[in-house]
Structure formats: structure tokens, C-alpha cells
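Student: If it helps, the file is called protein03.cif and holds mmCIF, C-alpha atoms and all ligand atoms:
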```cif
data_entry
loop_
_atom_site.label_atom_id
_atom_site.label_comp_id
_atom_site.auth_asym_id
_atom_site.auth_seq_id
_atom_site.Cartn_x
_atom_site.Cartn_y
_atom_site.Cartn_z
CA MET J 11 83.16 156.26 52.17
CA ASP J 12 82.93 157.51 48.59
CA GLN J 13 80.42 160.06 47.39
CA SER J 14 78.28 157.61 45.42
CA THR J 15 77.82 155.45 48.53
CA GLN J 16 76.94 158.54 50.56
CA ILE J 17 74.30 159.48 48.00
CA ARG J 18 72.91 155.94 47.88
CA LEU J 19 72.65 155.71 51.66
CA THR J 20 71.14 159.18 52.02
CA ARG J 21 68.47 158.29 49.46
CA GLU J 22 67.71 155.11 51.41
CA ILE J 23 67.39 157.07 54.63
CA PHE J 24 64.96 159.54 53.06
CA ALA J 25 62.92 156.65 51.63
CA HIS J 26 62.68 155.09 55.09
CA LEU J 27 61.78 158.41 56.67
CA ASP J 28 59.05 159.01 54.11
CA ALA J 29 57.62 155.51 54.48
CA ARG J 30 58.22 155.38 58.28
CA THR J 31 60.24 152.16 57.86
CA THR J 32 63.71 150.92 58.69
CA ALA J 33 66.15 148.35 57.29
CA GLN J 34 64.80 144.88 57.93
CA ALA J 35 66.31 141.42 58.21
CA ASP J 36 64.53 138.70 56.25
CA ASP J 37 63.25 137.04 59.42
CA VAL J 38 63.01 137.32 63.14
CA MET J 39 66.02 135.54 64.69
CA TYR J 40 65.92 133.38 67.80
CA HIS J 41 69.32 133.47 69.47
CA ALA J 42 70.42 130.99 72.14
CA THR J 43 71.23 132.72 75.43
CA SER J 44 73.96 130.10 75.93
CA ALA J 45 76.01 132.16 73.46
CA TYR J 46 76.50 134.57 76.36
CA SER J 47 76.49 132.21 79.32
CA SER J 48 78.15 128.93 78.35
CA PRO J 49 81.76 128.41 79.53
CA GLN J 50 82.26 125.87 76.72
CA ARG J 51 81.17 128.43 74.19
CA LEU J 52 83.52 131.05 75.66
CA ALA J 53 86.43 128.59 75.51
CA LEU J 54 85.76 128.09 71.79
CA GLU J 55 85.49 131.82 71.17
CA LYS J 56 88.80 132.42 72.92
CA ARG J 57 90.54 129.67 70.97
CA ILE J 58 89.08 130.60 67.60
CA LEU J 59 88.07 134.26 67.48
CA PHE J 60 90.84 135.65 69.68
CA ARG J 61 93.67 133.51 68.30
CA GLU J 62 92.99 132.82 64.65
CA PHE J 63 91.37 136.00 63.39
CA PRO J 64 93.17 139.27 62.66
CA LEU J 65 92.47 141.63 65.55
CA LEU J 66 92.58 145.38 65.23
CA MET J 67 95.38 146.60 67.50
CA GLY J 68 94.89 150.28 66.86
CA LEU J 69 95.30 153.07 64.36
CA SER J 70 98.60 154.19 62.87
CA GLY J 71 98.42 157.45 64.85
CA GLN J 72 99.11 155.52 68.05
CA LEU J 73 102.60 154.64 66.82
CA PRO J 74 103.72 157.60 64.73
CA ALA J 75 107.53 157.25 65.00
CA PRO J 76 110.09 154.44 64.85
CA GLY J 77 110.49 153.03 68.36
CA ASP J 78 106.91 153.79 69.40
CA PHE J 79 105.29 150.73 70.90
CA LEU J 80 102.15 149.55 72.60
CA THR J 81 101.36 146.39 74.50
CA ASP J 82 98.13 144.50 74.27
CA ASP J 83 97.25 141.61 76.55
CA PHE J 84 93.52 141.13 76.50
CA SER J 85 93.38 138.62 73.63
CA GLY J 86 94.96 136.20 76.08
CA VAL J 87 98.54 136.41 74.87
CA PRO J 88 100.96 139.25 75.70
CA ILE J 89 101.67 141.22 72.53
CA VAL J 90 103.98 144.13 71.85
CA VAL J 91 103.44 146.11 68.66
CA VAL J 92 106.24 148.42 67.57
CA ARG J 93 107.20 150.62 64.67
CA ASP J 94 110.68 149.42 63.70
CA ARG J 95 113.61 151.55 62.61
CA LYS J 96 112.53 151.35 58.97
CA GLY J 97 109.02 152.52 59.86
CA ALA J 98 107.31 149.14 59.48
CA ILE J 99 104.86 147.80 62.04
CA ARG J 100 106.04 144.60 63.77
CA ALA J 101 104.37 142.52 66.47
CA PHE J 102 105.99 140.08 68.90
CA LEU J 103 105.02 137.99 71.85
CA ASN J 104 106.01 140.18 74.79
CA VAL J 105 108.10 137.41 76.32
CA CYS J 106 111.87 137.45 76.90
CA GLN J 107 113.63 134.42 75.42
CA HIS J 108 115.89 134.02 78.46
CA ARG J 109 113.46 132.99 81.19
CA GLY J 110 110.21 134.40 79.95
CA ALA J 111 109.92 137.76 81.67
CA ARG J 112 107.51 140.32 80.31
CA LEU J 113 109.65 142.58 78.20
CA VAL J 114 107.74 145.88 78.23
CA ASP J 115 104.64 147.37 79.79
CA GLY J 116 102.10 149.94 78.69
CA CYS J 117 103.02 152.03 75.70
CA GLY J 118 105.69 154.56 74.85
CA HIS J 119 108.96 154.95 73.00
CA ALA J 120 111.58 152.22 73.07
CA GLY J 121 114.60 153.96 71.61
CA ARG J 122 116.94 151.49 69.87
CA VAL J 123 116.25 148.30 71.84
CA PHE J 124 113.89 146.62 74.23
CA SER J 125 115.81 145.74 77.36
CA CYS J 126 114.41 143.03 79.60
CA PRO J 127 113.81 144.30 83.15
CA TYR J 128 114.91 140.96 84.70
CA HIS J 129 118.52 140.32 83.61
CA GLY J 130 118.94 142.87 80.86
CA TRP J 131 118.83 140.83 77.66
CA SER J 132 118.19 143.28 74.86
CA TYR J 133 116.30 142.96 71.58
CA GLY J 134 116.24 145.15 68.49
CA LEU J 135 112.97 146.63 67.29
CA ASP J 136 113.05 143.87 64.67
CA GLY J 137 112.94 141.30 67.49
CA LYS J 138 116.54 140.13 67.09
CA LEU J 139 118.42 139.23 70.26
CA MET J 140 121.17 141.87 70.48
CA GLY J 141 122.82 141.56 73.85
CA ILE J 142 123.29 139.06 76.67
CA PRO J 143 124.98 140.41 79.80
CA ASP J 144 127.80 138.01 80.89
CA GLN J 145 127.66 136.43 77.46
CA ASP J 146 130.37 133.88 78.44
CA SER J 147 127.95 132.17 80.80
CA PHE J 148 125.71 131.42 77.83
CA ALA J 149 128.36 129.83 75.62
CA GLY J 150 126.82 127.85 72.81
CA VAL J 151 123.43 129.58 72.98
CA ASP J 152 122.21 130.27 69.44
CA LYS J 153 121.54 134.03 69.52
CA GLU J 154 120.06 133.97 66.02
CA GLY J 155 117.41 131.51 67.09
CA ARG J 156 116.55 133.34 70.31
CA GLY J 157 114.85 136.41 68.91
CA LEU J 158 111.39 137.42 70.04
CA VAL J 159 108.57 135.32 68.61
CA GLU J 160 107.09 137.35 65.78
CA LEU J 161 103.38 137.55 64.97
CA SER J 162 101.90 138.49 61.62
CA ALA J 163 101.21 142.23 61.63
CA VAL J 164 99.95 144.48 58.86
CA GLU J 165 99.43 148.23 58.74
CA GLN J 166 96.96 149.11 56.03
CA ASP J 167 95.10 152.35 55.40
CA GLY J 168 95.78 153.57 58.92
CA LEU J 169 94.67 150.36 60.64
CA ILE J 170 97.05 148.02 62.47
CA TRP J 171 96.15 144.34 62.47
CA VAL J 172 97.76 141.39 64.26
CA ILE J 173 96.94 137.69 64.48
CA PRO J 174 97.81 136.59 68.03
CA LYS J 175 99.00 133.16 66.87
CA ALA J 176 102.60 132.65 65.76
CA GLY J 177 102.90 131.38 62.20
CA ALA J 178 99.44 132.49 61.04
CA GLU J 179 99.13 134.29 57.69
CA LEU J 180 97.49 137.72 57.67
CA ASP J 181 95.67 138.88 54.54
CA VAL J 182 93.79 142.04 55.50
CA GLU J 183 92.14 142.52 52.10
CA THR J 184 90.59 139.06 52.20
CA HIS J 185 89.70 139.42 55.86
CA LEU J 186 87.82 142.68 55.25
CA ALA J 187 85.62 141.01 52.63
CA GLY J 188 85.12 144.11 50.50
CA LEU J 189 84.98 146.67 53.31
CA GLY J 190 88.63 147.70 52.81
CA PRO J 191 88.16 150.45 50.18
CA GLU J 192 85.42 152.14 52.20
CA LEU J 193 87.62 152.22 55.30
CA ALA J 194 90.58 153.42 53.22
CA ASN J 195 88.48 156.32 52.03
CA TYR J 196 88.30 157.80 55.55
CA GLY J 197 92.05 158.44 55.64
CA LEU J 198 92.30 156.90 59.09
CA GLY J 199 96.09 157.11 58.92
CA GLY J 200 95.79 160.88 59.30
CA TYR J 201 93.98 160.76 62.65
CA HIS J 202 95.78 161.48 65.92
CA HIS J 203 95.38 159.39 69.02
CA HIS J 204 93.77 161.46 71.78
CA GLU J 205 93.24 159.03 74.64
CA THR J 206 92.68 155.42 75.64
CA ARG J 207 90.34 154.40 78.46
CA VAL J 208 90.06 150.86 79.73
CA LEU J 209 86.70 149.74 81.09
CA GLN J 210 85.94 146.43 82.78
CA ARG J 211 82.32 145.42 83.29
CA LYS J 212 80.25 142.43 84.38
CA LEU J 213 78.75 141.32 81.10
CA ASN J 214 79.65 139.03 78.24
CA TRP J 215 81.95 140.70 75.72
CA LYS J 216 79.42 140.30 72.89
CA ILE J 217 76.72 142.18 74.78
CA VAL J 218 78.95 145.27 74.63
CA ILE J 219 79.04 144.99 70.85
CA ASP J 220 75.31 144.22 70.66
CA THR J 221 74.72 147.55 72.41
CA PHE J 222 75.84 149.40 69.30
CA LEU J 223 73.84 147.38 66.81
CA GLU J 224 70.30 148.71 66.90
CA PRO J 225 68.64 152.08 67.46
CA TYR J 226 65.39 150.35 68.48
CA HIS J 227 66.29 151.21 72.08
CA PHE J 228 67.14 154.88 71.49
CA GLY J 229 63.67 156.28 72.09
CA VAL J 230 63.26 154.37 75.35
CA LEU J 231 66.62 153.86 77.06
CA HIS J 232 68.25 157.03 75.74
CA ALA J 233 65.11 159.19 75.71
CA ASN J 234 66.82 161.90 77.75
CA THR J 235 70.36 161.69 76.40
CA VAL J 236 71.40 160.87 72.82
CA GLY J 237 67.98 159.52 71.77
CA PRO J 238 66.57 162.88 70.59
CA ILE J 239 69.57 163.47 68.30
CA PHE J 240 68.78 160.38 66.22
CA PHE J 241 65.68 158.82 64.71
CA PRO J 242 64.71 156.00 67.03
CA ASN J 243 64.28 152.65 65.31
CA LEU J 244 65.74 153.81 61.99
CA CYS J 245 68.97 152.39 60.65
CA LEU J 246 70.55 151.10 57.48
CA PHE J 247 72.51 147.89 57.44
CA GLU J 248 75.01 146.30 55.08
CA GLY J 249 77.09 143.19 55.71
CA PHE J 250 80.63 142.62 54.40
CA GLY J 251 81.43 138.99 55.12
CA PRO J 252 81.34 138.80 58.91
CA HIS J 253 81.82 142.59 59.23
CA LEU J 254 79.08 145.17 58.90
CA ARG J 255 78.15 148.79 58.56
CA GLU J 256 75.18 150.21 60.44
CA THR J 257 74.16 153.74 59.54
CA LEU J 258 72.36 155.72 62.22
CA PRO J 259 70.94 158.96 60.81
CA ARG J 260 70.87 162.08 62.94
CA ARG J 261 67.80 164.30 62.72
CA SER J 262 69.96 166.95 61.08
CA ILE J 263 70.04 164.85 57.92
CA GLU J 264 66.78 166.53 56.91
CA ASP J 265 68.93 169.56 56.01
CA LEU J 266 70.33 167.62 53.05
CA ARG J 267 66.93 167.55 51.36
CA ASN J 268 67.49 171.18 50.39
CA LEU J 269 70.85 170.53 48.75
CA PRO J 270 71.73 168.99 45.38
CA GLU J 271 72.81 165.35 45.71
CA ALA J 272 76.34 166.20 44.59
CA ASP J 273 76.72 168.23 47.81
CA TRP J 274 75.40 165.54 50.14
CA ASP J 275 77.88 164.79 52.93
CA LEU J 276 76.47 161.97 55.00
CA ILE J 277 79.11 161.88 57.71
CA PRO J 278 78.08 164.94 59.78
CA HIS J 279 74.50 163.69 59.76
CA THR J 280 75.03 160.12 60.94
CA ALA J 281 76.91 157.86 63.27
CA LEU J 282 78.49 155.19 61.08
CA VAL J 283 79.03 152.07 63.13
CA TYR J 284 81.30 149.36 61.77
CA VAL J 285 81.87 145.99 63.35
CA LEU J 286 85.35 144.82 62.41
CA PHE J 287 84.87 141.17 63.16
CA PRO J 288 85.25 139.72 65.67
CA ASN J 289 85.70 142.20 68.50
CA THR J 290 85.99 145.81 67.36
CA VAL J 291 83.39 148.50 66.92
CA LEU J 292 84.68 151.49 64.95
CA VAL J 293 82.42 154.52 64.96
CA MET J 294 82.81 157.42 62.55
CA GLN J 295 81.33 160.28 64.52
CA ILE J 296 80.84 163.74 63.11
CA ASP J 297 84.35 164.93 63.82
CA HIS J 298 86.26 162.03 65.33
CA VAL J 299 86.72 158.27 65.30
CA GLU J 300 86.10 155.94 68.23
CA THR J 301 87.20 152.35 68.49
CA TRP J 302 85.87 149.94 71.07
CA ARG J 303 87.92 146.74 71.28
CA VAL J 304 86.21 144.24 73.52
CA PHE J 305 87.62 141.06 75.08
CA PRO J 306 86.48 138.43 77.56
CA VAL J 307 88.23 138.42 80.93
CA GLY J 308 89.92 135.08 81.66
CA ASN J 309 87.40 132.27 81.56
CA LYS J 310 84.54 134.39 82.83
CA VAL J 311 81.49 134.39 80.59
CA ASP J 312 80.09 137.35 82.48
CA GLU J 313 83.00 139.76 82.46
CA CYS J 314 84.67 141.77 79.75
CA ILE J 315 87.34 144.39 79.36
CA MET J 316 87.53 146.94 76.60
CA TYR J 317 89.76 149.64 75.24
CA LEU J 318 87.95 152.78 74.14
CA ASP J 319 90.21 154.90 71.94
CA PHE J 320 89.48 158.38 70.65
CA PHE J 321 91.12 159.56 67.44
CA VAL J 322 90.85 163.18 66.36
CA PRO J 323 91.67 164.97 63.11
CA GLU J 324 94.19 167.39 64.63
CA PRO J 325 96.34 166.90 67.73
CA ALA J 326 94.79 168.59 70.77
CA LEU J 327 97.57 171.06 71.58
CA THR J 328 95.67 173.74 73.47
CA ASP J 329 93.87 173.44 76.80
CA SER J 330 90.56 174.26 75.15
CA ALA J 331 91.03 171.57 72.49
CA LYS J 332 91.94 169.03 75.17
CA LEU J 333 88.91 170.03 77.21
CA HIS J 334 86.67 169.70 74.15
CA TRP J 335 87.78 166.11 73.45
CA ASP J 336 87.85 165.15 77.14
CA ARG J 337 84.25 166.28 77.49
CA ASN J 338 83.33 164.43 74.32
CA MET J 339 84.91 161.25 75.65
CA ASP J 340 83.23 161.64 79.05
CA LEU J 341 79.83 162.04 77.39
CA THR J 342 80.42 158.92 75.27
CA ILE J 343 81.39 156.88 78.30
CA ARG J 344 78.58 158.26 80.46
CA THR J 345 75.94 157.32 77.90
CA VAL J 346 77.02 153.72 77.60
CA ASP J 347 78.10 153.35 81.20
CA GLU J 348 75.03 154.85 82.83
CA GLU J 349 72.45 153.59 80.35
CA ASP J 350 73.59 150.69 78.10
CA PHE J 351 75.95 148.74 80.35
CA PRO J 352 73.61 148.56 83.40
CA ILE J 353 70.99 147.05 81.06
CA GLY J 354 73.63 144.64 79.71
CA GLU J 355 74.69 143.63 83.22
CA GLY J 356 71.04 143.00 84.06
CA ILE J 357 70.68 140.82 80.95
CA GLN J 358 73.79 138.88 81.95
CA ALA J 359 72.58 138.36 85.51
CA GLY J 360 69.20 137.21 84.17
CA PHE J 361 70.74 134.29 82.26
CA ALA J 362 71.19 132.46 85.56
CA SER J 363 67.42 132.44 86.04
CA ALA J 364 66.90 130.42 82.84
CA ALA J 365 63.83 132.58 82.20
CA GLN J 366 64.49 132.20 78.48
CA THR J 367 66.74 129.92 76.47
CA LYS J 368 66.42 132.02 73.35
CA MET J 369 66.22 135.76 72.95
CA ILE J 370 64.58 137.39 69.95
CA PHE J 371 66.08 139.79 67.44
CA GLY J 372 63.36 141.64 65.54
CA ARG J 373 63.52 142.20 61.81
CA ASN J 374 64.33 145.82 62.70
CA GLU J 375 67.63 144.67 64.30
CA PRO J 376 69.46 143.37 61.21
CA ALA J 377 72.97 144.42 62.26
CA LEU J 378 72.61 142.64 65.58
CA ALA J 379 71.42 139.47 63.88
CA HIS J 380 74.29 139.66 61.37
CA PHE J 381 76.94 140.02 64.08
CA GLU J 382 75.68 137.22 66.28
CA ARG J 383 75.15 134.95 63.27
CA ALA J 384 78.69 135.67 62.06
CA ILE J 385 80.07 134.73 65.48
CA ASN J 386 78.04 131.51 65.47
CA GLU J 387 79.25 130.64 61.99
CA ALA J 388 82.92 131.35 62.70
CA VAL J 389 82.83 129.19 65.83
CA ASP J 390 80.78 126.42 64.23
CA ASN J 391 82.97 126.32 61.10
CA ALA J 392 86.15 126.03 63.13
CA VAL J 393 84.67 123.27 65.29
CA ARG J 394 83.54 121.42 62.16
CA VAL J 395 87.02 121.62 60.62
CA THR J 396 88.76 120.29 63.72
CA SER J 397 86.24 117.55 64.58
S1 LIG Q 401 114.12 136.86 81.67
FE1 LIG Q 401 114.69 138.46 80.39
S2 LIG Q 401 116.77 138.76 80.75
FE2 LIG Q 401 116.23 137.14 82.04
FE FE Q 402 72.61 152.47 73.54
#
```
Produce C-alpha cells that represent the structure in this file.
Ligand code: FES
Ligand SMILES: [Fe+2]

Tutor:
Amino acid sequence: MDQSTQIRLTREIFAHLDARTTAQADDVMYHATSAYSSPQRLALEKRILFREFPLLMGLSGQLPAPGDFLTDDFSGVPIVVVRDRKGAIRAFLNVCQHRGARLVDGCGHAGRVFSCPYHGWSYGLDGKLMGIPDQDSFAGVDKEGRGLVELSAVEQDGLIWVIPKAGAELDVETHLAGLGPELANYGLGGYHHHETRVLQRKLNWKIVIDTFLEPYHFGVLHANTVGPIFFPNLCLFEGFGPHLRETLPRRSIEDLRNLPEADWDLIPHTALVYVLFPNTVLVMQIDHVETWRVFPVGNKVDECIMYLDFFVPEPALTDSAKLHWDRNMDLTIRTVDEEDFPIGEGIQAGFASAAQTKMIFGRNEPALAHFERAINEAVDNAVRVTS
């Protein structure tokens, strides 16, 4: 985020503090609960949002060297992302072209080739089929045409993007709808991957993202944890196409009133929450970056799985540094897991009662309304095009 944006946002925060207001949507929004409970709706989301949109796969720091790879399955197709021998990021369907075995698991370092664990076919990091044991038994097989199926992958400004559909074009700049330069400004490529945790919970995947999108609940649900650090019910909101930035000021921001504007540094005094549409929440915390990548589980409307990744400015090489970030991560997980997710699971369970067909987003919840509206629009547009 550049300095002029930091100054603009800080001024807006002070204006809201002085007037005891917050960013407001134009109207109250009534949102159909079927968005979270309808199997038909989930099927559309899986087909459209998790196949046709660029998905964030991670930050560059997860794959620092040629041969480093990670696998990613939760979009519904098995993907392997690798840094090839020339240093470029490539993505492939994680499926051997002999009889379809899963080529690699987890994450790590592949060396020169991926070797299939079933019969030993091997593939270069560029996806080319390199070796077939007992080659004579496969006479006539076109090796050139039997490489791994490649997916569009782009590494830009420290972010790694993939579209999980073979043949799709990936244009990150267009996808980010103007948010790109702001993200580039954070130098995300310089962050180091600290840890990944995988959490699976009984709630619709969008409810996890909703959790991040309003501080209206801070003074009540988080009264004894993170609530006192922030101003409850005060946020800024800005949309970038379907993406968004929500700025949550910490109480410490009052310190900036005593400094000249040129010295205002917003980042230590906020949590900056970005939704990278459709399924990632990226949070710039004071001293680290978190990403939450959330996916539905199978065809279950009421279950989701998410990767929480922590990225830190310097690698944690000492025991005390590791302990510091481990504690930080534990606190993050405890807050959402002990406070937000139980509420979300209760909401999900309540849908079965049909107590309400529409929930209400107040004007003080503009980021939430923007996200859910963007999901509705993306699904509706795709349905309109194909019908
Ligand atoms: S399925 Fe991979 S080598 Fe046979
Ligand atoms: Fe919360």
C-alpha cells in the first residue's frame, strides 16, 4: 500500500472516530440463506468459482528453489505446482499419464524429475514425459503427447495463481481489477513461509470468509480476546471488482494523531483484510501475512476445509523466533476456532430449521455485502451465459 493511500485511509479512520461512525453500504442487504444451504448452489459454485477463476495457490516463499513443489487438492482437482529448472512456476494436474496414479503428495523438493510411485514413469519439472520403464512394451506410444496436463499458472508480485481448468487463460492484472499495484507494494515475494495448518469444520465455506468481513461482532463475541485491541464496529471498505479491502483500525492508531502525515504508517495500527475472490482471505497483520484459503468439502454444503498459511519477514531460525510465530499462529487459530467458528457452525445448523429464508447485512457490514454480492453475481453471470 503506498503512502498516499495510507494517509487517505488514516484520515478516514480519524473522521469516523471523531463522528462515531463507520463505513456504510448504501442499503441494508437481505441475503438468501440458500446461498449457504442449497446443494444446487454449491454445485454451481464448485463448477464456476473453483474451476474457472484464478485461485491463489500460495506465496512465492513456499517454493523458493527450482524443484520445490506443493500439491493442492481442495479445489476438486489434484494440482501440483512446481518451480521448474529455469525458475518459472508451472502447474499440472497431478495425474500420471500411464494409468492415472497420483504423481506426488504433500510438498517438498522434487530434484530433476517427478517419478510415478506406481510403475516409475518419470516427468521433467516442465511436465514432459522423460522415461518409461520397459519402453519396448509401449512401442508406438507418443511420448511427446503424454506429458502432464498443464494448467495456466502465473507468479506475480510474490503471489502464485492457478486456474484449475486445463486450457483456461490466466490474466492476473485483469483478474485483480485494480488491486494489483497495492498488493505489489507489500513486497510479498520477500516473505518466508513459516507454517501451514489445515482445518476442517462443519460450516459452509463462505461463512468462514464472512467471519473476517465485519468488526460489528468484535465488542460482543471477542469482548475478552481480540475485541479490546480494535474499535468495535469501525471499519473502512473499498471494493476492487469482486475483491475487496477491509481496514480494521487498532486502538493504537490514535498515536498517529501526534505525528505529521508524512510519517503515518498505517500497517502497524490496523489489520488489513483482503478478499482475493473467490476463496482467499489475505490479512496484513502488524508483522506478518496470513492467508486463509477456503474450499467446500465434496458435495457437502455444510463442511469446509481451509489452509491457513503464515508468512513472516525473516525465516525463523532460532528456537525463540519459532516459538514467537508458533504462539502467534496458535492465538490466531484459537480466536477463530473457539469464538468465530462455533458461531458459524451454529448458523449452519440453524439453516435446517428454516427459521429465516433471508439474513440481514446491516449498512455497517459493507465488506460482507460486497463479498456475498460478488459471489452471487459471478454464479448468476456464468449461469446466464451457459443457459
Ligand atoms: S500409473 Fe504412473 S507409472 Fe503407471
Ligand atoms: Fe471474529

Student: Around ligand LIG 401 (chain Q), at most 10 Å away and counting all atoms listed in the file, which residues are there? Put them as a list in words, please.

Tutor: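 After applying the 10 Å limit, what remains is Val105, Cys106, Gln107, His108, Arg109, Gly110, Ala111, Arg112, Leu113, Ser125, Cys126, Pro127, Tyr128, His129, Gly130, Trp131, Ser132, Gly141, Ile142 and Pro143 of chain J.
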
Student: Ranking J:Asp94, J:Asp152, J:Phe247, J:Asp167 by minimum distance to Ala194 (chain J) and counting only C-alpha atoms, which one comes first?

Tutor: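 Comparing J:Asp94, J:Asp152, J:Phe247, J:Asp167 against Ala194 (chain J), the winner is J:Asp167.
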
Student: Could you pull the residues within 9 Å of Arg93 (chain J), counting all atoms listed in the file, minus those fewer than 4 positions along the same chain, as an MDAnalysis selection string?

Tutor: chainID J and resid 73:79 97:101 135:136

Student: Would you output that residue set with C-alpha atoms, as a PDB file, in the coordinates of the input?

Tutor:
```pdb
ATOM      1  CA  LEU J  73     102.600 154.640  66.820  1.00  0.00           C
ATOM      2  CA  PRO J  74     103.720 157.600  64.730  1.00  0.00           C
ATOM      3  CA  ALA J  75     107.530 157.250  65.000  1.00  0.00           C
ATOM      4  CA  PRO J  76     110.090 154.440  64.850  1.00  0.00           C
ATOM      5  CA  GLY J  77     110.490 153.030  68.360  1.00  0.00           C
ATOM      6  CA  ASP J  78     106.910 153.790  69.400  1.00  0.00           C
ATOM      7  CA  PHE J  79     105.290 150.730  70.900  1.00  0.00           C
ATOM      8  CA  GLY J  97     109.020 152.520  59.860  1.00  0.00           C
ATOM      9  CA  ALA J  98     107.310 149.140  59.480  1.00  0.00           C
ATOM     10  CA  ILE J  99     104.860 147.800  62.040  1.00  0.00           C
ATOM     11  CA  ARG J 100     106.040 144.600  63.770  1.00  0.00           C
ATOM     12  CA  ALA J 101     104.370 142.520  66.470  1.00  0.00           C
ATOM     13  CA  LEU J 135     112.970 146.630  67.290  1.00  0.00           C
ATOM     14  CA  ASP J 136     113.050 143.870  64.670  1.00  0.00           C
TER      15      ASP J 136
END
```

Student: So which residues are near ligand FE 402 (chain Q), meaning at most 7 Å away with all atoms listed in the file counted, given back as an mmCIF file with C-alpha atoms, keeping the file's coordinate frame?

Tutor:
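The result, stored in result09.cif:
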```
data_model
loop_
_atom_site.group_PDB
_atom_site.id
_atom_site.type_symbol
_atom_site.label_atom_id
_atom_site.label_comp_id
_atom_site.auth_asym_id
_atom_site.auth_seq_id
_atom_site.Cartn_x
_atom_site.Cartn_y
_atom_site.Cartn_z
ATOM 1 C CA THR J 221 74.720 147.550 72.410
ATOM 2 C CA PHE J 222 75.840 149.400 69.300
ATOM 3 C CA HIS J 227 66.290 151.210 72.080
ATOM 4 C CA PHE J 228 67.140 154.880 71.490
ATOM 5 C CA HIS J 232 68.250 157.030 75.740
ATOM 6 C CA VAL J 346 77.020 153.720 77.600
ATOM 7 C CA GLU J 349 72.450 153.590 80.350
ATOM 8 C CA ASP J 350 73.590 150.690 78.100
#
```

Student: Neighbours of Trp335 (chain J) within 12 Å (only C-alpha atoms; same-chain residues fewer than 6 positions away dropped), as a list in words?

Tutor: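 So, after excluding close chain neighbours, the residues are His202, His203, His204, Glu205, Thr206, Asp297, His298, Val299, Glu300, Asp319, Phe320, Phe321, Val322, Pro323, Glu324, Pro325, Ala326, Leu327, Thr328, Asp329, Leu341 and Thr342 of chain J.
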
Student: Measuring between all atoms listed in the file, which one of J:Leu54, J:Val293, J:Leu213, J:Leu158 shows the shortest distance to Leu198 (chain J)?

Tutor: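 When distances to Leu198 (chain J) are compared using all atoms listed in the file, the smallest one comes from J:Val293.
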
Student: Using only C-alpha atoms, which residues sit within 12 Å of Gly237 (chain J) once same-chain residues fewer than 6 positions away are excluded, as a PyMOL selection string?

Tutor: chain J and resi 225-231+243-244+258-261+345+349

Student: Write to file, as a PDB file, keeping the file's coordinate frame, the residues of the selection just made, with C-alpha atoms.

Tutor:
```pdb
ATOM      1  CA  PRO J 225      68.640 152.080  67.460  1.00  0.00           C
ATOM      2  CA  TYR J 226      65.390 150.350  68.480  1.00  0.00           C
ATOM      3  CA  HIS J 227      66.290 151.210  72.080  1.00  0.00           C
ATOM      4  CA  PHE J 228      67.140 154.880  71.490  1.00  0.00           C
ATOM      5  CA  GLY J 229      63.670 156.280  72.090  1.00  0.00           C
ATOM      6  CA  VAL J 230      63.260 154.370  75.350  1.00  0.00           C
ATOM      7  CA  LEU J 231      66.620 153.860  77.060  1.00  0.00           C
ATOM      8  CA  ASN J 243      64.280 152.650  65.310  1.00  0.00           C
ATOM      9  CA  LEU J 244      65.740 153.810  61.990  1.00  0.00           C
ATOM     10  CA  LEU J 258      72.360 155.720  62.220  1.00  0.00           C
ATOM     11  CA  PRO J 259      70.940 158.960  60.810  1.00  0.00           C
ATOM     12  CA  ARG J 260      70.870 162.080  62.940  1.00  0.00           C
ATOM     13  CA  ARG J 261      67.800 164.300  62.720  1.00  0.00           C
ATOM     14  CA  THR J 345      75.940 157.320  77.900  1.00  0.00           C
ATOM     15  CA  GLU J 349      72.450 153.590  80.350  1.00  0.00           C
TER      16      GLU J 349
END
```

Student: Between CA of Glu160 (chain J) and CA of Val92 (chain J), measure the distance and give it in Å to one decimal.

Tutor: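 Atom-to-atom, CA of Glu160 (chain J) to CA of Val92 (chain J), that is 11.2 Å.
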
Student: Can you list, as a VMD selection string, every protein, DNA or RNA residue that comes within 9 Å of Arg383 (chain J) when you count only C-alpha atoms, leaving out same-chain residues fewer than 4 positions away?

Tutor: chain J and resid 41 252 378 to 379 387 to 388

Student: Go ahead and compute the interatomic distance for CA of Gly86 (chain J) and CA of Ala53 (chain J), in Å to one decimal.

Tutor: 11.4 Å

Student: From the set J:Gly71, J:Gly137, J:Gly190, J:Gly372, which residue has the shortest atom-to-atom contact distance to His253 (chain J), counting all atoms listed in the file?

Tutor: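 Once distances to His253 (chain J) are computed over all atoms listed in the file, the minimum belongs to J:Gly190.
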
Student: From the list J:Pro64, J:Asn234, J:Ser85, J:Pro191, which residue is nearest Ala163 (chain J) when using all atoms listed in the file?

Tutor: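 For Ala163 (chain J), the nearest of the given residues is J:Pro64.
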
Student: Which is closer to Tyr40 (chain J) than all the others in J:Lys175, J:Arg95, J:Arg373, J:Arg394, using only C-alpha atoms?

Tutor: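 Closest residue, counting only C-alpha atoms: J:Arg373.
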
Student: For Asp340 (chain J), which of J:Ile58, J:Leu318, J:Ala120, J:Met294 is the closest residue, counting only C-alpha atoms?

Tutor: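 That would be J:Leu318, the residue with the smallest distance to Asp340 (chain J).
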
Student: Would you pick out the contacts of region 44-48 of chain J at 8 Å or less, using all atoms listed in the file, so that residues sharing its chain but fewer than 5 positions from it are not included, and give the list as a PDB file with C-alpha atoms, keeping the file's coordinate frame?

Tutor:
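Writing the result to result_1.pdb gives the following:
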```pdb
ATOM      1  CA  ASN J 214      79.650 139.030  78.240  1.00  0.00           C
ATOM      2  CA  LYS J 216      79.420 140.300  72.890  1.00  0.00           C
ATOM      3  CA  ILE J 217      76.720 142.180  74.780  1.00  0.00           C
ATOM      4  CA  VAL J 311      81.490 134.390  80.590  1.00  0.00           C
ATOM      5  CA  ASP J 312      80.090 137.350  82.480  1.00  0.00           C
ATOM      6  CA  GLN J 358      73.790 138.880  81.950  1.00  0.00           C
ATOM      7  CA  PHE J 361      70.740 134.290  82.260  1.00  0.00           C
ATOM      8  CA  THR J 367      66.740 129.920  76.470  1.00  0.00           C
TER       9      THR J 367
END
```

Student: Which value, in Å to one decimal, gives the distance between CA of Glu224 (chain J) and CA of Glu375 (chain J)?

Tutor: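 Between CA of Glu224 (chain J) and CA of Glu375 (chain J) the gap is 5.5 Å.
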